[in-house]
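File shown here: start.txt, holding compact mmCIF, C-alpha atoms.
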# COMPACT_ATOMS: atom_id res chain seq x y z
CA MET A 165 -83.59 5.58 63.21
CA TRP A 166 -82.41 3.44 60.37
CA PHE A 167 -82.12 6.37 57.98
CA PRO A 168 -78.80 7.75 59.29
CA THR A 169 -77.41 4.24 59.31
CA LEU A 170 -78.41 3.73 55.68
CA ILE A 171 -76.86 7.08 54.78
CA ALA A 172 -73.62 6.04 56.48
CA LEU A 173 -73.57 2.67 54.73
CA ALA A 174 -74.25 4.26 51.37
CA PHE A 175 -71.48 6.80 51.94
CA ALA A 176 -69.08 4.06 52.98
CA ALA A 177 -69.96 1.98 49.91
CA GLY A 178 -69.50 5.00 47.66
CA LEU A 179 -66.20 5.81 49.26
CA HIS A 180 -65.09 2.20 48.77
CA PHE A 181 -66.01 2.21 45.10
CA TRP A 182 -64.32 5.63 44.69
CA TRP A 183 -61.12 4.36 46.22
CA ARG A 184 -61.18 1.20 44.07
CA ALA A 185 -61.71 3.27 40.95
CA LYS A 186 -58.89 5.61 41.96
CA PHE A 187 -56.65 2.62 42.69
CA ARG A 188 -57.45 1.09 39.30
CA ARG A 189 -56.68 4.43 37.66
CA ALA A 190 -53.44 4.61 39.59
CA GLN A 191 -52.58 1.06 38.58
CA ALA A 192 -53.35 1.86 34.95
CA ALA A 193 -51.29 5.02 35.17
CA ALA A 194 -48.42 3.11 36.77
CA ARG A 195 -48.57 0.41 34.12
CA ALA A 196 -48.62 3.07 31.40
CA GLU A 197 -45.64 4.83 32.98
CA LEU A 198 -43.76 1.55 33.29
CA THR A 199 -44.53 0.80 29.66
CA ARG A 200 -43.33 4.26 28.62
CA SER A 201 -40.23 3.92 30.80
CA ALA A 202 -39.42 0.50 29.33
CA ALA A 203 -39.96 1.87 25.85
CA ARG A 204 -37.66 4.80 26.62
CA GLU A 205 -35.04 2.46 28.04
CA GLN A 206 -35.37 0.20 25.02
CA ALA A 207 -35.07 3.19 22.69
CA VAL A 208 -32.00 4.40 24.58
CA GLY A 209 -30.56 0.87 24.45
CA VAL A 210 -31.22 0.59 20.74
CA GLU A 211 -29.69 4.03 20.14
CA THR A 212 -26.67 3.14 22.28
CA GLN A 213 -26.24 -0.17 20.45
CA THR A 214 -26.58 1.60 17.09
CA ARG A 215 -23.93 4.14 18.04
CA GLN A 216 -21.66 1.40 19.34
CA ASN A 217 -22.01 -0.61 16.12
CA ALA A 218 -21.37 2.52 14.04
CA LEU A 219 -18.23 3.21 16.10
CA PHE A 220 -16.91 -0.33 15.59
CA ASP A 221 -17.74 -0.24 11.86
CA SER A 222 -15.75 2.99 11.46
CA MET A 223 -12.58 1.26 12.70
CA ILE A 224 -9.98 0.00 10.23
CA GLU A 225 -9.18 -2.88 12.62
CA GLY A 226 -11.33 -5.97 12.56
CA VAL A 227 -13.21 -6.51 15.85
CA LEU A 228 -14.71 -9.84 16.90
CA VAL A 229 -16.59 -10.48 20.18
CA LEU A 230 -17.21 -14.08 21.30
CA ASP A 231 -19.31 -15.48 24.12
CA GLU A 232 -18.01 -17.92 26.72
CA SER A 233 -18.68 -20.88 24.42
CA GLY A 234 -16.67 -19.31 21.58
CA ARG A 235 -19.61 -18.29 19.41
CA VAL A 236 -19.79 -14.92 17.66
CA LEU A 237 -21.69 -12.16 19.43
CA PHE A 238 -20.49 -9.31 17.20
CA ALA A 239 -18.20 -8.73 14.19
CA ASN A 240 -17.59 -5.32 12.62
CA GLN A 241 -17.36 -4.43 8.92
CA ALA A 242 -13.53 -4.43 8.86
CA PHE A 243 -13.49 -8.00 10.20
CA ALA A 244 -15.82 -9.13 7.41
CA GLU A 245 -13.57 -7.44 4.81
CA ILE A 246 -10.33 -8.89 6.22
CA PHE A 247 -11.65 -12.45 6.18
CA ALA A 248 -13.95 -12.01 3.14
CA THR A 249 -16.98 -13.27 5.08
CA SER A 250 -20.59 -12.75 4.04
CA GLY A 251 -23.96 -13.27 5.68
CA ILE A 252 -24.78 -13.27 9.39
CA LEU A 253 -21.90 -14.35 11.64
CA ARG A 254 -23.74 -14.07 14.97
CA GLY A 255 -24.07 -17.48 16.57
CA LYS A 256 -21.37 -19.12 14.47
CA THR A 257 -18.27 -20.69 15.98
CA LEU A 258 -14.90 -18.99 15.62
CA LEU A 259 -13.66 -21.63 13.19
CA GLU A 260 -16.78 -21.15 11.02
CA ALA A 261 -16.13 -17.40 11.02
CA VAL A 262 -12.42 -17.34 10.15
CA ARG A 263 -11.42 -20.87 9.07
CA LEU A 264 -7.93 -20.33 10.49
CA ASN A 265 -6.57 -22.78 13.05
CA GLU A 266 -4.01 -20.25 14.29
CA VAL A 267 -6.82 -17.99 15.49
CA MET A 268 -8.34 -20.91 17.37
CA GLU A 269 -5.01 -21.38 19.13
CA ILE A 270 -4.99 -17.69 20.11
CA LEU A 271 -8.50 -18.08 21.57
CA ALA A 272 -7.30 -21.04 23.65
CA ARG A 273 -4.29 -19.05 24.89
CA THR A 274 -6.50 -16.08 25.76
CA ARG A 275 -8.80 -18.27 27.84
CA SER A 276 -5.86 -19.67 29.80
CA GLU A 277 -3.61 -16.58 29.99
CA GLY A 278 -6.19 -13.78 29.97
CA ARG A 279 -4.81 -12.01 26.92
CA VAL A 280 -2.55 -12.31 23.84
CA ILE A 281 -0.67 -9.25 22.60
CA ASP A 282 0.88 -8.49 19.18
CA HIS A 283 0.66 -11.97 17.69
CA GLU A 284 1.54 -11.95 13.95
CA ALA A 285 -0.17 -14.40 11.61
CA ARG A 286 0.26 -14.97 7.87
CA LEU A 287 -2.92 -15.68 5.95
CA SER A 288 -2.68 -18.48 3.41
CA GLY A 289 -3.23 -17.80 -0.26
CA GLU A 290 -2.09 -15.16 -2.70
CA PRO A 291 -1.39 -12.32 -2.49
CA GLU A 292 0.47 -12.66 0.78
CA ARG A 293 -1.30 -11.07 3.75
CA TRP A 294 -0.22 -10.54 7.37
CA LEU A 295 -2.31 -9.78 10.47
CA GLN A 296 -1.46 -8.57 13.95
CA ILE A 297 -3.88 -10.14 16.46
CA ASN A 298 -4.62 -8.90 19.99
CA ALA A 299 -7.09 -10.72 22.23
CA ALA A 300 -8.37 -10.34 25.78
CA ALA A 301 -10.85 -12.15 28.02
CA LEU A 302 -13.99 -10.19 28.96
CA THR A 303 -14.82 -10.20 32.69
CA ASP A 304 -17.61 -8.78 34.84
CA ALA A 305 -17.32 -6.86 38.14
CA GLN A 306 -16.66 -10.11 40.01
CA ARG A 307 -13.84 -11.04 37.57
CA ARG A 308 -15.91 -13.83 36.08
CA LYS A 309 -15.14 -14.47 32.40
CA PHE A 310 -18.06 -14.19 30.04
CA GLY A 311 -16.40 -13.92 26.62
CA THR A 312 -13.45 -12.81 24.48
CA ILE A 313 -12.68 -9.79 22.30
CA MET A 314 -10.23 -10.11 19.40
CA VAL A 315 -8.80 -7.25 17.34
CA PHE A 316 -7.20 -7.85 13.92
CA HIS A 317 -4.87 -5.26 12.33
CA ASP A 318 -3.73 -5.69 8.72
CA LEU A 319 0.10 -5.60 8.62
CA THR A 320 0.42 -6.43 4.92
CA ARG A 321 1.49 -2.96 3.81
CA LEU A 322 4.03 -2.65 6.64
CA LYS A 323 5.46 -6.08 5.79
CA GLN A 324 5.75 -5.08 2.14
CA LEU A 325 7.55 -1.84 3.07
CA GLU A 326 9.87 -3.75 5.40
CA ARG A 327 10.71 -6.22 2.64
CA GLN A 328 11.28 -3.38 0.17
CA ARG A 329 13.63 -1.71 2.64
CA GLU A 330 15.59 -4.92 3.12
CA GLU A 331 15.79 -5.49 -0.63
CA PHE A 332 16.82 -1.86 -1.17
CA VAL A 333 19.65 -2.09 1.35
CA ALA A 334 20.80 -5.41 -0.11
CA ASN A 335 20.70 -4.05 -3.68
CA VAL A 336 22.53 -0.84 -2.80
CA SER A 337 25.18 -2.83 -0.95
CA HIS A 338 25.64 -5.10 -3.95
CA GLU A 339 25.76 -2.23 -6.44
CA LEU A 340 28.34 -0.39 -4.34
CA ARG A 341 30.41 -3.48 -3.60
CA THR A 342 30.95 -4.48 -7.24
CA PRO A 343 32.73 -1.31 -8.47
CA LEU A 344 34.50 -0.82 -5.13
CA SER A 345 35.91 -4.35 -5.31
CA LEU A 346 37.15 -3.73 -8.85
CA ILE A 347 38.72 -0.41 -7.89
CA LYS A 348 40.39 -1.95 -4.84
CA GLY A 349 41.71 -4.90 -6.84
CA TYR A 350 43.23 -2.80 -9.62
CA VAL A 351 44.74 -0.29 -7.16
CA GLU A 352 46.41 -3.12 -5.23
CA THR A 353 47.72 -4.57 -8.50
CA LEU A 354 49.16 -1.18 -9.49
CA LEU A 355 50.78 -0.76 -6.09
CA ASP A 356 52.27 -4.24 -6.36
CA GLY A 357 54.27 -3.16 -9.42
CA ALA A 358 51.91 -2.92 -12.38
CA GLN A 359 52.33 0.87 -12.26
CA ASN A 360 55.81 0.38 -13.71
CA ASN A 361 54.30 -0.97 -16.94
CA PRO A 362 52.82 2.10 -18.68
CA GLU A 363 50.51 0.11 -20.94
CA VAL A 364 49.07 -1.99 -18.10
CA ALA A 365 48.88 1.03 -15.78
CA SER A 366 46.94 3.04 -18.37
CA ARG A 367 44.45 0.20 -18.95
CA PHE A 368 43.94 -0.31 -15.22
CA LEU A 369 43.46 3.40 -14.58
CA LYS A 370 40.77 3.55 -17.28
CA ILE A 371 38.95 0.66 -15.58
CA ILE A 372 39.25 2.46 -12.24
CA GLU A 373 37.93 5.67 -13.81
CA ARG A 374 34.98 3.82 -15.38
CA ASN A 375 34.01 2.27 -12.03
CA THR A 376 34.34 5.52 -10.11
CA GLN A 377 31.94 7.03 -12.68
CA ARG A 378 29.62 4.11 -12.07
CA LEU A 379 29.74 4.83 -8.32
CA ASP A 380 29.08 8.50 -8.96
CA PHE A 381 26.07 7.69 -11.19
CA LEU A 382 24.69 5.33 -8.53
CA ILE A 383 25.06 7.89 -5.75
CA GLN A 384 23.46 10.62 -7.86
CA ASP A 385 20.56 8.32 -8.77
CA LEU A 386 20.11 7.34 -5.12
CA LEU A 387 19.98 10.99 -4.09
CA THR A 388 17.53 11.76 -6.90
CA ILE A 389 15.11 8.94 -6.12
CA SER A 390 15.31 9.68 -2.40
CA ALA A 391 14.35 13.31 -3.03
CA LEU A 392 11.55 12.28 -5.39
CA GLU A 393 10.06 9.67 -3.06
CA SER A 394 10.20 11.95 -0.03
CA GLY A 395 8.61 14.86 -1.91
CA ARG A 396 11.59 17.13 -1.24
CA MET A 397 12.29 17.74 -4.92
CA GLN A 398 10.57 20.86 -6.22
CA LEU A 399 9.60 21.09 -9.90
CA ASN A 400 10.43 24.29 -11.78
CA LEU A 401 7.42 24.44 -14.10
CA SER A 402 7.42 26.33 -17.37
CA PRO A 403 6.13 25.71 -20.94
CA VAL A 404 8.22 22.93 -22.55
CA ASN A 405 8.19 22.17 -26.28
CA LEU A 406 8.41 18.38 -26.38
CA PHE A 407 9.63 18.18 -29.99
CA SER A 408 12.57 20.46 -29.18
CA LEU A 409 13.28 18.51 -26.00
CA ALA A 410 13.35 15.23 -27.93
CA GLU A 411 15.73 16.74 -30.50
CA LYS A 412 18.11 17.74 -27.69
CA VAL A 413 17.99 14.29 -26.04
CA LEU A 414 18.56 12.44 -29.32
CA GLY A 415 21.47 14.74 -30.09
CA ASP A 416 23.03 14.12 -26.68
CA LEU A 417 22.74 10.33 -27.10
CA SER A 418 23.75 10.14 -30.76
CA PRO A 419 27.31 8.94 -29.92
CA ASN A 420 25.82 5.97 -27.99
CA ALA A 421 23.51 5.21 -30.92
CA GLU A 422 26.32 5.44 -33.46
CA ALA A 423 28.40 2.96 -31.46
CA LYS A 424 25.63 0.36 -31.97
CA GLN A 425 24.64 1.69 -35.41
CA VAL A 426 21.15 2.50 -34.12
CA SER A 427 19.15 5.18 -35.93
CA LEU A 428 17.28 7.70 -33.76
CA VAL A 429 13.98 9.12 -35.04
CA ASN A 430 11.94 11.99 -33.63
CA GLU A 431 8.27 11.64 -34.59
CA LEU A 432 6.90 13.89 -31.90
CA PRO A 433 4.46 16.54 -33.14
CA GLU A 434 4.65 20.11 -31.84
CA LEU A 435 3.30 19.55 -28.33
CA THR A 436 3.75 21.87 -25.35
CA VAL A 437 3.50 20.85 -21.71
CA ASN A 438 3.78 22.76 -18.44
CA GLY A 439 6.67 20.89 -16.87
CA ASP A 440 10.18 20.94 -15.46
CA PHE A 441 12.51 20.99 -18.49
CA ASN A 442 15.48 19.37 -16.73
CA ARG A 443 13.41 16.58 -15.18
CA LEU A 444 11.58 15.80 -18.42
CA ASP A 445 14.98 15.78 -20.12
CA GLN A 446 16.00 13.15 -17.55
CA VAL A 447 12.88 11.07 -18.30
CA LEU A 448 13.41 11.04 -22.07
CA ALA A 449 17.16 10.51 -21.73
CA ASN A 450 16.66 7.45 -19.50
CA LEU A 451 14.09 5.92 -21.84
CA VAL A 452 16.06 6.57 -25.03
CA ASP A 453 19.34 5.40 -23.46
CA ASN A 454 17.64 2.16 -22.36
CA ALA A 455 16.18 1.68 -25.84
CA ILE A 456 19.64 2.03 -27.35
CA LYS A 457 21.25 -0.32 -24.81
CA TYR A 458 18.66 -3.09 -24.92
CA GLY A 459 17.44 -2.71 -28.50
CA ARG A 460 19.12 -4.59 -31.30
CA ALA A 461 22.29 -3.48 -33.06
CA ASN A 462 21.57 -1.75 -36.39
CA GLY A 463 18.09 -1.16 -35.04
CA ARG A 464 15.82 1.84 -34.69
CA VAL A 465 14.63 3.92 -31.71
CA VAL A 466 11.61 6.16 -32.21
CA VAL A 467 10.25 8.92 -29.98
CA GLY A 468 6.58 9.61 -30.68
CA GLY A 469 3.52 11.11 -29.05
CA LYS A 470 -0.02 12.38 -29.40
CA LYS A 471 -2.76 14.28 -27.63
CA LEU A 472 -5.35 12.04 -26.01
CA ASP A 473 -9.11 12.63 -26.05
CA ASP A 474 -9.09 13.84 -22.44
CA GLY A 475 -6.48 16.50 -23.23
CA ARG A 476 -3.48 14.70 -21.75
CA LEU A 477 -0.31 14.22 -23.77
CA GLU A 478 1.08 10.72 -24.30
CA ILE A 479 4.76 10.30 -25.21
CA CYS A 480 6.35 6.99 -26.15
CA VAL A 481 9.84 5.61 -26.80
CA ARG A 482 9.91 2.50 -28.97
CA ASP A 483 12.73 0.09 -29.88
CA ASP A 484 12.84 -3.02 -32.09
CA GLY A 485 14.88 -5.24 -29.78
CA PRO A 486 14.06 -8.63 -28.21
CA GLY A 487 11.29 -7.19 -26.05
CA ILE A 488 10.37 -7.73 -22.39
CA PRO A 489 8.74 -10.90 -20.97
CA ALA A 490 5.11 -10.42 -19.97
CA GLU A 491 5.81 -11.27 -16.31
CA SER A 492 8.33 -8.41 -16.09
CA LEU A 493 6.21 -5.62 -17.59
CA ASP A 494 4.61 -4.67 -14.26
CA ARG A 495 7.95 -4.69 -12.45
CA VAL A 496 10.34 -2.85 -14.75
CA PHE A 497 9.71 0.46 -12.91
CA GLU A 498 10.74 -1.02 -9.54
CA ARG A 499 14.03 0.07 -8.02
CA PHE A 500 16.90 -2.24 -9.04
CA TYR A 501 14.62 -4.61 -10.94
CA ARG A 502 16.45 -6.07 -13.94
CA VAL A 503 14.95 -8.24 -16.67
CA ASP A 504 18.39 -9.60 -17.55
CA LYS A 505 20.68 -9.04 -14.56
CA ALA A 506 23.94 -10.04 -16.22
CA ARG A 507 23.32 -7.99 -19.36
CA SER A 508 22.14 -4.95 -17.37
CA ARG A 509 25.30 -4.85 -15.29
CA ASP A 510 27.45 -5.30 -18.39
CA GLN A 511 25.71 -2.22 -19.83
CA GLY A 512 26.65 -0.22 -16.74
CA GLY A 513 23.17 0.76 -15.53
CA THR A 514 22.40 1.50 -11.88
CA GLY A 515 18.99 -0.20 -11.92
CA LEU A 516 17.30 3.03 -10.82
CA GLY A 517 16.66 4.75 -14.16
CA LEU A 518 13.08 3.57 -14.74
CA ALA A 519 12.16 4.10 -11.08
CA ILE A 520 13.33 7.71 -11.45
CA VAL A 521 11.29 8.01 -14.66
CA LYS A 522 8.17 6.81 -12.84
CA HIS A 523 8.56 9.24 -9.94
CA ILE A 524 9.30 12.26 -12.13
CA VAL A 525 6.25 11.55 -14.32
CA GLN A 526 4.05 11.03 -11.26
CA ALA A 527 5.33 14.30 -9.79
CA HIS A 528 4.03 15.97 -12.97
CA GLY A 529 0.63 14.31 -12.49
CA GLY A 530 1.16 11.64 -15.17
CA GLU A 531 1.44 7.87 -15.41
CA VAL A 532 3.92 5.39 -16.89
CA ARG A 533 3.55 1.95 -18.45
CA ALA A 534 5.40 -0.49 -20.67
CA ALA A 535 4.17 -2.70 -23.50
CA SER A 536 6.01 -5.43 -25.36
CA GLU A 537 5.70 -8.54 -27.48
CA PRO A 538 8.58 -11.04 -27.37
CA GLY A 539 10.82 -10.46 -30.36
CA GLN A 540 8.90 -7.31 -31.35
CA GLY A 541 10.66 -4.73 -29.22
CA ALA A 542 9.35 -2.71 -26.28
CA THR A 543 7.50 0.60 -25.99
CA PHE A 544 7.52 2.81 -22.91
CA TYR A 545 4.68 5.30 -22.49
CA PHE A 546 4.18 8.21 -20.15
CA THR A 547 1.43 10.80 -19.93
CA LEU A 548 1.57 14.47 -18.96
CA PRO A 549 -1.15 17.05 -18.33
CA PRO A 550 -1.67 19.56 -21.16
CA GLY A 551 0.40 22.72 -21.21

structure tokens encoding of this file:
Amino acid sequence: MWFPTLIALAFAAGLHFWWRAKFRRAQAAARAELTRSAAREQAVGVETQTRQNALFDSMIEGVLVLDESGRVLFANQAFAEIFATSGILRGKTLLEAVRLNEVMEILARTRSEGRVIDHEARLSGEPERWLQINAAALTDAQRRKFGTIMVFHDLTRLKQLERQREEFVANVSHELRTPLSLIKGYVETLLDGAQNNPEVASRFLKIIERNTQRLDFLIQDLLTISALESGRMQLNLSPVNLFSLAEKVLGDLSPNAEAKQVSLVNELPELTVNGDFNRLDQVLANLVDNAIKYGRANGRVVVGGKKLDDGRLEICVRDDGPGIPAESLDRVFERFYRVDKARSRDQGGTGLGLAIVKHIVQAHGGEVRAASEPGQGATFYFTLPPG
């Protein structure tokens, strides 16, 4: 009688233990799946974060993300380069990260206004640097603020180009105004009666002619440098014998040299380059003409050259005049830059000759430079690829 009951109890106990074991296995399986799921989510999160960081680091703009207390959550590579920061920025305050009070003011404005757009800031120190700063408050789905994002764009190059444009317009206006004023003045004087004096009229007309030529030279130089800088000027390349070219240039400028009793010497060896004959003629003519103008009277101007170890050709024009101050050597190839403004205008130059030289040489794939010692003359060098 008890046997069936014992069998039933044993079966029930076995079933209970079987269900407990199955439940434990299910729990273990669930825990394992949760662990795997969390690991997958973590891996996806890490991969997403890695991709996000890579995206921010590929930007040329500096990106800075701050938490609600104003401490750094993230800064990309461009930000570190703009502000020359090193080490870990995460957790630092904004002032510790940038050391610029103006940025702190932008953060305060962003917190109160929600965003700041196109703010321009000048960084202290040399060389001069400018930044455009945009900032916005970060909010969640309920519009609650939880941080700030700031984006920094380097405006330095644009500011430099803007300044160059302004200087260019001012210089062109000045260079045009001077001869035009002279022409206008002498024409008015002639019309007022000076034309009736043949001697005075002849002298005034020569001055007018000289200044109209100066205007023509300036306009031609402006057109030339505009074409060179925009890339519109095409070079007509062919083999050019540099010794023969130098002989032609020195012959063309011999009257100028004779007027100052300057001897012209061609020391160029027989070198051939693949270049534009007319443009290279312009380069040498500008350099030799400058050497005659700014060298000493009864002096000497030498054209020389050699083949460099890397196969390039280096040509130089050397004078024995007063030389160029060290602080001007890096600027003499700038448009309208003059070492001695008064003397340059007396000589009748447009201020564009060396800038044209630089652009023509660069168009040929070469480089230009100047060297000088005070009182020892100046030497202008330019390189050209081999012919």

Contacts of Arg443 of chain A within 9 Å, only C-alpha atoms, excl. fewer than 6 positions in-chain, as a ChimeraX atom specification = /A:399-400,521,524-525

Please dump the current selection as a compact mmCIF listing (two decimals), in the coordinates of the input; keep C-alpha atoms.
# COMPACT_ATOMS: atom_id res chain seq x y z
CA LEU A 399 9.60 21.09 -9.90
CA ASN A 400 10.43 24.29 -11.78
CA VAL A 521 11.29 8.01 -14.66
CA ILE A 524 9.30 12.26 -12.13
CA VAL A 525 6.25 11.55 -14.32

Nearest to Ala299 of chain A: which of A:Val351, A:Val429, A:Leu406, A:Ile313 is it, counting only C-alpha atoms?
-> A:Ile313

Centre and edge lengths, as AutoDock Vina command-line options, for the axis-aligned box enclosing every listed atom of segment 371-378 of chain A with 5 Å of padding on each of the six sides, in Å to one decimal?
--center_x 34.4 --center_y 3.8 --center_z -12.8 --size_x 19.6 --size_y 16.4 --size_z 15.5

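Nearest residue to Val262 of chain A, choosing from A:Asn405, A:Ser366, A:Thr376, A:Ser288 and counting all atoms listed in the file: A:Ser288.
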
Segment 536-549 of chain A: which residues within 8 Å, counting all atoms listed in the file, same-chain residues fewer than 3 positions away excluded, as a PyMOL selection string?
-> chain A and resi 437-438+451+459+475-490+493+525+528-533

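Between atom CA of Tyr350 of chain A and atom CA of Gly515 of chain A lies a distance of 24.5 Å.
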
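Using all atoms listed in the file, the smallest distance between any of A:Ala261, A:Ile224, A:Leu379, A:Ile372 and Asp318 of chain A comes from A:Ile224.
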
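If you look at atom CA of Leu228 of chain A and atom CA of Gln306 of chain A, they are 23.2 Å away from each other.
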
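Take atom CA of Lys370 of chain A and atom CA of Glu422 of chain A: the distance between them is 21.8 Å.
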
Output as a PDB file, in the coordinates of the input: segment 219-243 of chain A, completed with N, CA and C atoms.
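Dumped everything to result-v2.pdb:
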ATOM      1  N   LEU A 219     -19.608   2.940  15.675  1.00  0.00           N
ATOM      2  CA  LEU A 219     -18.230   3.210  16.100  1.00  0.00           C
ATOM      3  C   LEU A 219     -17.309   2.060  15.683  1.00  0.00           C
ATOM      4  N   PHE A 220     -17.724   0.826  15.956  1.00  0.00           N
ATOM      5  CA  PHE A 220     -16.910  -0.330  15.590  1.00  0.00           C
ATOM      6  C   PHE A 220     -16.754  -0.436  14.070  1.00  0.00           C
ATOM      7  N   ASP A 221     -17.817  -0.128  13.317  1.00  0.00           N
ATOM      8  CA  ASP A 221     -17.740  -0.240  11.860  1.00  0.00           C
ATOM      9  C   ASP A 221     -16.885   0.846  11.235  1.00  0.00           C
ATOM     10  N   SER A 222     -16.617   1.927  11.981  1.00  0.00           N
ATOM     11  CA  SER A 222     -15.750   2.990  11.460  1.00  0.00           C
ATOM     12  C   SER A 222     -14.271   2.680  11.664  1.00  0.00           C
ATOM     13  N   MET A 223     -13.966   1.625  12.430  1.00  0.00           N
ATOM     14  CA  MET A 223     -12.580   1.260  12.700  1.00  0.00           C
ATOM     15  C   MET A 223     -11.975   0.519  11.508  1.00  0.00           C
ATOM     16  N   ILE A 224     -10.674   0.733  11.295  1.00  0.00           N
ATOM     17  CA  ILE A 224      -9.980   0.000  10.230  1.00  0.00           C
ATOM     18  C   ILE A 224      -9.546  -1.377  10.734  1.00  0.00           C
ATOM     19  N   GLU A 225      -9.507  -1.574  12.057  1.00  0.00           N
ATOM     20  CA  GLU A 225      -9.180  -2.880  12.620  1.00  0.00           C
ATOM     21  C   GLU A 225     -10.429  -3.747  12.657  1.00  0.00           C
ATOM     22  N   GLY A 226     -10.233  -5.041  12.421  1.00  0.00           N
ATOM     23  CA  GLY A 226     -11.330  -5.970  12.560  1.00  0.00           C
ATOM     24  C   GLY A 226     -11.581  -6.282  14.027  1.00  0.00           C
ATOM     25  N   VAL A 227     -12.849  -6.237  14.457  1.00  0.00           N
ATOM     26  CA  VAL A 227     -13.210  -6.510  15.850  1.00  0.00           C
ATOM     27  C   VAL A 227     -14.164  -7.689  15.884  1.00  0.00           C
ATOM     28  N   LEU A 228     -13.864  -8.661  16.749  1.00  0.00           N
ATOM     29  CA  LEU A 228     -14.710  -9.840  16.900  1.00  0.00           C
ATOM     30  C   LEU A 228     -14.949 -10.074  18.393  1.00  0.00           C
ATOM     31  N   VAL A 229     -16.228 -10.211  18.787  1.00  0.00           N
ATOM     32  CA  VAL A 229     -16.590 -10.480  20.180  1.00  0.00           C
ATOM     33  C   VAL A 229     -17.235 -11.859  20.235  1.00  0.00           C
ATOM     34  N   LEU A 230     -16.719 -12.707  21.141  1.00  0.00           N
ATOM     35  CA  LEU A 230     -17.210 -14.080  21.300  1.00  0.00           C
ATOM     36  C   LEU A 230     -17.807 -14.257  22.686  1.00  0.00           C
ATOM     37  N   ASP A 231     -18.788 -15.153  22.789  1.00  0.00           N
ATOM     38  CA  ASP A 231     -19.310 -15.480  24.120  1.00  0.00           C
ATOM     39  C   ASP A 231     -18.429 -16.536  24.776  1.00  0.00           C
ATOM     40  N   GLU A 232     -18.836 -16.978  25.959  1.00  0.00           N
ATOM     41  CA  GLU A 232     -18.010 -17.920  26.720  1.00  0.00           C
ATOM     42  C   GLU A 232     -17.820 -19.244  25.996  1.00  0.00           C
ATOM     43  N   SER A 233     -18.788 -19.615  25.144  1.00  0.00           N
ATOM     44  CA  SER A 233     -18.680 -20.880  24.420  1.00  0.00           C
ATOM     45  C   SER A 233     -17.891 -20.748  23.119  1.00  0.00           C
ATOM     46  N   GLY A 234     -17.463 -19.527  22.797  1.00  0.00           N
ATOM     47  CA  GLY A 234     -16.670 -19.310  21.580  1.00  0.00           C
ATOM     48  C   GLY A 234     -17.493 -19.023  20.347  1.00  0.00           C
ATOM     49  N   ARG A 235     -18.757 -18.638  20.548  1.00  0.00           N
ATOM     50  CA  ARG A 235     -19.610 -18.290  19.410  1.00  0.00           C
ATOM     51  C   ARG A 235     -19.654 -16.763  19.241  1.00  0.00           C
ATOM     52  N   VAL A 236     -19.868 -16.341  18.002  1.00  0.00           N
ATOM     53  CA  VAL A 236     -19.790 -14.920  17.660  1.00  0.00           C
ATOM     54  C   VAL A 236     -20.985 -14.161  18.224  1.00  0.00           C
ATOM     55  N   LEU A 237     -20.660 -13.091  18.982  1.00  0.00           N
ATOM     56  CA  LEU A 237     -21.690 -12.160  19.430  1.00  0.00           C
ATOM     57  C   LEU A 237     -21.743 -10.936  18.515  1.00  0.00           C
ATOM     58  N   PHE A 238     -20.558 -10.515  18.032  1.00  0.00           N
ATOM     59  CA  PHE A 238     -20.490  -9.310  17.200  1.00  0.00           C
ATOM     60  C   PHE A 238     -19.238  -9.364  16.336  1.00  0.00           C
ATOM     61  N   ALA A 239     -19.353  -8.894  15.091  1.00  0.00           N
ATOM     62  CA  ALA A 239     -18.200  -8.730  14.190  1.00  0.00           C
ATOM     63  C   ALA A 239     -18.423  -7.457  13.393  1.00  0.00           C
ATOM     64  N   ASN A 240     -17.393  -6.581  13.347  1.00  0.00           N
ATOM     65  CA  ASN A 240     -17.590  -5.320  12.620  1.00  0.00           C
ATOM     66  C   ASN A 240     -17.296  -5.486  11.124  1.00  0.00           C
ATOM     67  N   GLN A 241     -17.498  -4.390  10.380  1.00  0.00           N
ATOM     68  CA  GLN A 241     -17.360  -4.430   8.920  1.00  0.00           C
ATOM     69  C   GLN A 241     -15.925  -4.748   8.507  1.00  0.00           C
ATOM     70  N   ALA A 242     -14.937  -4.187   9.214  1.00  0.00           N
ATOM     71  CA  ALA A 242     -13.530  -4.430   8.860  1.00  0.00           C
ATOM     72  C   ALA A 242     -13.183  -5.910   9.008  1.00  0.00           C
ATOM     73  N   PHE A 243     -13.731  -6.568  10.027  1.00  0.00           N
ATOM     74  CA  PHE A 243     -13.490  -8.000  10.200  1.00  0.00           C
ATOM     75  C   PHE A 243     -14.012  -8.777   8.991  1.00  0.00           C
TER      76      PHE A 243
END
